[in-house]
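Quick notes on the structure that follows.
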Amino acid sequence: MDDIEKELEQVQNEEELAVFHKNYLSKTGKLTMMLAGLKDMIAEQRAEAGKRLNELKRAIEVKFFQKQAALRAKAVNEKLKNDPLIDITVPAIDQPRGSLHPITLVTRRIVDICRSMGFLVVDGNEVVTEFENFDAVNIPSDHPARDMQDTFWLTNGKVLKTQTSAMQHEILKKYGPVVSAIFPGRCYRNEATDASHEFAFFQCEGMMVGKDISIANLIYVLKTLLSGVYGKEINVRLRPGFFPFVEPGFEYDASCPFCGGKGCPVCKHSGWIELGGCGMIHGNVLQMAGVDPSQYQGFAFGFGLTRLAMMQYAINDVRLLNSGNLEFLRGIKR
Ligand code: PHE
C-alpha cells in the first residue's frame with residue numbers, strides 16, 4: 001500500500017498519471033488482477049482478504065482522483081500564465097445583465113426602513129375571501145364603497161384582493177392585539193387600462209396597534225418612512241378623508257421631494273404629492289379580529305407602491321411596469 005501511494009505521490013504530470021492508472025487501476029492493472037485472483041482462495045480467507053483489498057483499492061482510487069484534479073488545475077494555471085493569447089486582466093465581454101424591477105427596488109427600500117423601526121413584514125395573499133377584502137374592513141355587501149373597488153371574482157367565491165387592507169384582519173388575528181406590521185402586495189381592480197390605470201398594481205400598507213397609539217405616532221412613522229425613501233426630510237400633511245375602516249380617516253400628502261415644496265411638474269406646482277389614505281383603525285375592524293377597541297387602538301396607512309415607483313423613476317405609463325418590456329427595464333436609471 002505504502003509503495004503504491006509513494007509511486008502516486010511521485011507522479012508529475014498527466015501522462016505519468018495515465019501510466020499509473022494502467023499499472024494499478026485499469027482492467028489489467030495489478031489491483032484489479034489481485035481482486036480477480038481472490039476466487040482461487042479458500043473461502044475462509046477470501047472474505048477477509050477481499051475486504052482489505054477492496055478498501056485498499058478504494059483508498060488508492062480516491063488519491064488518484066485528487067492527484068488528477070490537482071494536476072489539471074496546475075496545467076490550467078500554467079496555460080493561463082504562459083499563453084500570450086490569454087490576458088486575464090481584460091474586462092469581461094459587456095453583456096446585458098439582469099436587474100431588479102423598479103417595484104422590487106422601491107419595496108425593498110420601504111421594507112428596510114420599516115424593519116429598522118421594528119415592523120414585521122408580512123407577505124400578503126393575492127387571493128382572499130370576500131369577508132377579508134370587504135366585510136372585515138367594515139365594507140358590508142350593501143356599502144357603496146364596494147362599487148369603487150370592483151374586482152375579479154373567482155368561481156369559488158374568493159376574490160383577487162383590491163387593497164392591501166384585506167390583510168388587516170388576518171394580521172390582527174394572528175399577531176394582535178399588539179402588532180406593528182407592513183404588508184406590501186399586488187392588488188387588482190376591475191379597471192379599463194390606460195397610461196395611469198392598471199388592473200394589477202402594487203400597494204403597501206402599514207399598521208400599528210397597541211395601547212396608547214395615536215395620530216402623532218402615525219405622522220411620525222409616515223415622516224420617517226418617507227424621509228428614508230427619498231433620502232431627505234419630508235413633511236406630511238393630513239386632510240380629512242373617508243375610508244370605511246378608519247375613524248377618523250385622512251388622505252395624506254408628502255411635501256414634494258423633487259422640488260422641496262417650491263412647485264414643479266411632478267407635484268403639479270402645488271408643492272405636495274398625494275400619497276394615500278390613513279387613519280385610526282375603526283373599532284369594528286378591531287372587534288371583528290378579536291381585539292378589544294376599549295383597550296387597544298392603532299393606525300393604518302396605505303399608499304400606491306406602483307405610483308411611488310413611477311415618480312421615483314420618472315415612468316409615465318403604468319402599463320410598462322407589467323409589460324415585461326426589456327428595453328424599458330434596461331432604460332431605468334437605478
Ligand atoms: N386601502 C385604501 C385604498 O386602497 C388605502 C388606506 C389604507 C386607507 C389604510 C386608510 C388606511 O385606497
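Letters for chains follow the order of the C-alpha cells (A, B, ...), residue numbers begin at 1 for each chain, and ligand numbers begin at 1 in the order shown.
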Test item: residues no farther than 10 Å from ligand 1, counting only C-alpha atoms and all ligand atoms, as number ranges by chain:
A: 133, 137, 148-149, 162-166, 168, 187, 203-207, 241-252, 275-282, 299-304
What's the 12 Å shell around region 104-115 of chain A, counting only C-alpha atoms, without same-chain residues fewer than 3 positions away, as a ChimeraX atom specification?
/A:99-101,118-123,180-186,202-208,221-231,303-313,321,332-334
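Note that CA of Val76 (chain A) and CA of Ile88 (chain A) are 12.6 Å apart.
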Contacts of region 11-16 of chain A at 10 Å (only C-alpha atoms; same-chain gap of 4+ positions) as a list in words
Lys6, Glu7, Phe20, His21, Lys22, Lys67, Gln68, Ala70, Leu71, Arg72, Lys74 and Ala75 of chain A
DSSP on the backbone: what in region 26-274 of chain A comes out strand (DSSP E or B), as a PyMOL selection string?
chain A and resi 120-121+127-128+153+159-160+179-188+194+197+200-210+236-240+246-255+272-274
Go ahead and dump the residues you just picked, C-alpha atoms, as an mmCIF file, in the first residue's frame.
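This is the output file result04.cif:
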```
data_model
loop_
_atom_site.group_PDB
_atom_site.id
_atom_site.type_symbol
_atom_site.label_atom_id
_atom_site.label_comp_id
_atom_site.auth_asym_id
_atom_site.auth_seq_id
_atom_site.Cartn_x
_atom_site.Cartn_y
_atom_site.Cartn_z
ATOM 1 C CA LEU A 120 -42.984 42.928 10.947
ATOM 2 C CA VAL A 121 -43.078 42.381 7.183
ATOM 3 C CA VAL A 127 -56.478 35.539 -3.338
ATOM 4 C CA VAL A 128 -58.539 36.398 -0.263
ATOM 5 C CA TRP A 153 -64.336 37.125 -8.517
ATOM 6 C CA VAL A 159 -61.599 37.491 -4.816
ATOM 7 C CA LEU A 160 -58.297 38.923 -6.022
ATOM 8 C CA VAL A 179 -48.553 44.475 16.481
ATOM 9 C CA SER A 180 -46.618 46.691 14.048
ATOM 10 C CA ALA A 181 -46.587 45.328 10.526
ATOM 11 C CA ILE A 182 -46.195 46.380 6.941
ATOM 12 C CA PHE A 183 -47.619 44.365 4.124
ATOM 13 C CA PRO A 184 -46.729 45.246 0.555
ATOM 14 C CA GLY A 185 -48.624 43.357 -2.101
ATOM 15 C CA ARG A 186 -50.209 43.096 -5.515
ATOM 16 C CA CYS A 187 -53.799 44.299 -5.780
ATOM 17 C CA TYR A 188 -56.396 44.012 -8.515
ATOM 18 C CA ASP A 194 -54.703 53.476 -19.762
ATOM 19 C CA HIS A 197 -54.766 52.875 -14.702
ATOM 20 C CA ALA A 200 -52.963 44.876 -11.376
ATOM 21 C CA PHE A 201 -50.851 47.214 -9.273
ATOM 22 C CA PHE A 202 -48.933 47.289 -6.031
ATOM 23 C CA GLN A 203 -49.817 48.875 -2.731
ATOM 24 C CA CYS A 204 -48.083 48.942 0.597
ATOM 25 C CA GLU A 205 -49.879 49.177 3.882
ATOM 26 C CA GLY A 206 -48.664 49.598 7.422
ATOM 27 C CA MET A 207 -50.351 49.379 10.762
ATOM 28 C CA MET A 208 -49.516 49.693 14.402
ATOM 29 C CA VAL A 209 -51.843 48.527 17.141
ATOM 30 C CA GLY A 210 -51.314 48.585 20.881
ATOM 31 C CA VAL A 236 -46.519 65.075 5.882
ATOM 32 C CA ARG A 237 -49.912 66.742 5.704
ATOM 33 C CA LEU A 238 -53.215 65.106 6.664
ATOM 34 C CA ARG A 239 -56.569 66.109 5.204
ATOM 35 C CA PRO A 240 -59.934 64.637 6.244
ATOM 36 C CA VAL A 246 -60.605 54.074 9.716
ATOM 37 C CA GLU A 247 -62.125 56.682 12.023
ATOM 38 C CA PRO A 248 -61.017 59.407 11.883
ATOM 39 C CA GLY A 249 -59.778 58.918 8.323
ATOM 40 C CA PHE A 250 -57.396 61.053 6.294
ATOM 41 C CA GLU A 251 -55.811 61.447 2.949
ATOM 42 C CA TYR A 252 -52.165 62.348 3.313
ATOM 43 C CA ASP A 253 -49.701 64.258 1.221
ATOM 44 C CA ALA A 254 -45.925 64.410 1.285
ATOM 45 C CA SER A 255 -44.006 67.598 0.652
ATOM 46 C CA TRP A 272 -47.447 68.492 -2.244
ATOM 47 C CA ILE A 273 -47.881 64.975 -3.556
ATOM 48 C CA GLU A 274 -50.991 62.960 -2.715
#
```
Shell around region 59-61 of chain A at 8 Å using only C-alpha atoms, local window under 5 positions removed, as number ranges by chain
A: 4-5, 25
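DSSP, applied to the backbone of this structure, assigns alpha helix (DSSP H) to the following residues of region 104-213 of chain A: Thr104, Leu105, Val106, Thr107, Arg108, Arg109, Ile110, Val111, Asp112, Ile113, Cys114, Arg115, Ser116, Glu130, Phe131, Glu132, Asn133, Ala145, Arg146, Asp147, Met148, Gln168, His169, Glu170, Ile171, Leu172, Lys173, Lys174 and Tyr175 of chain A.
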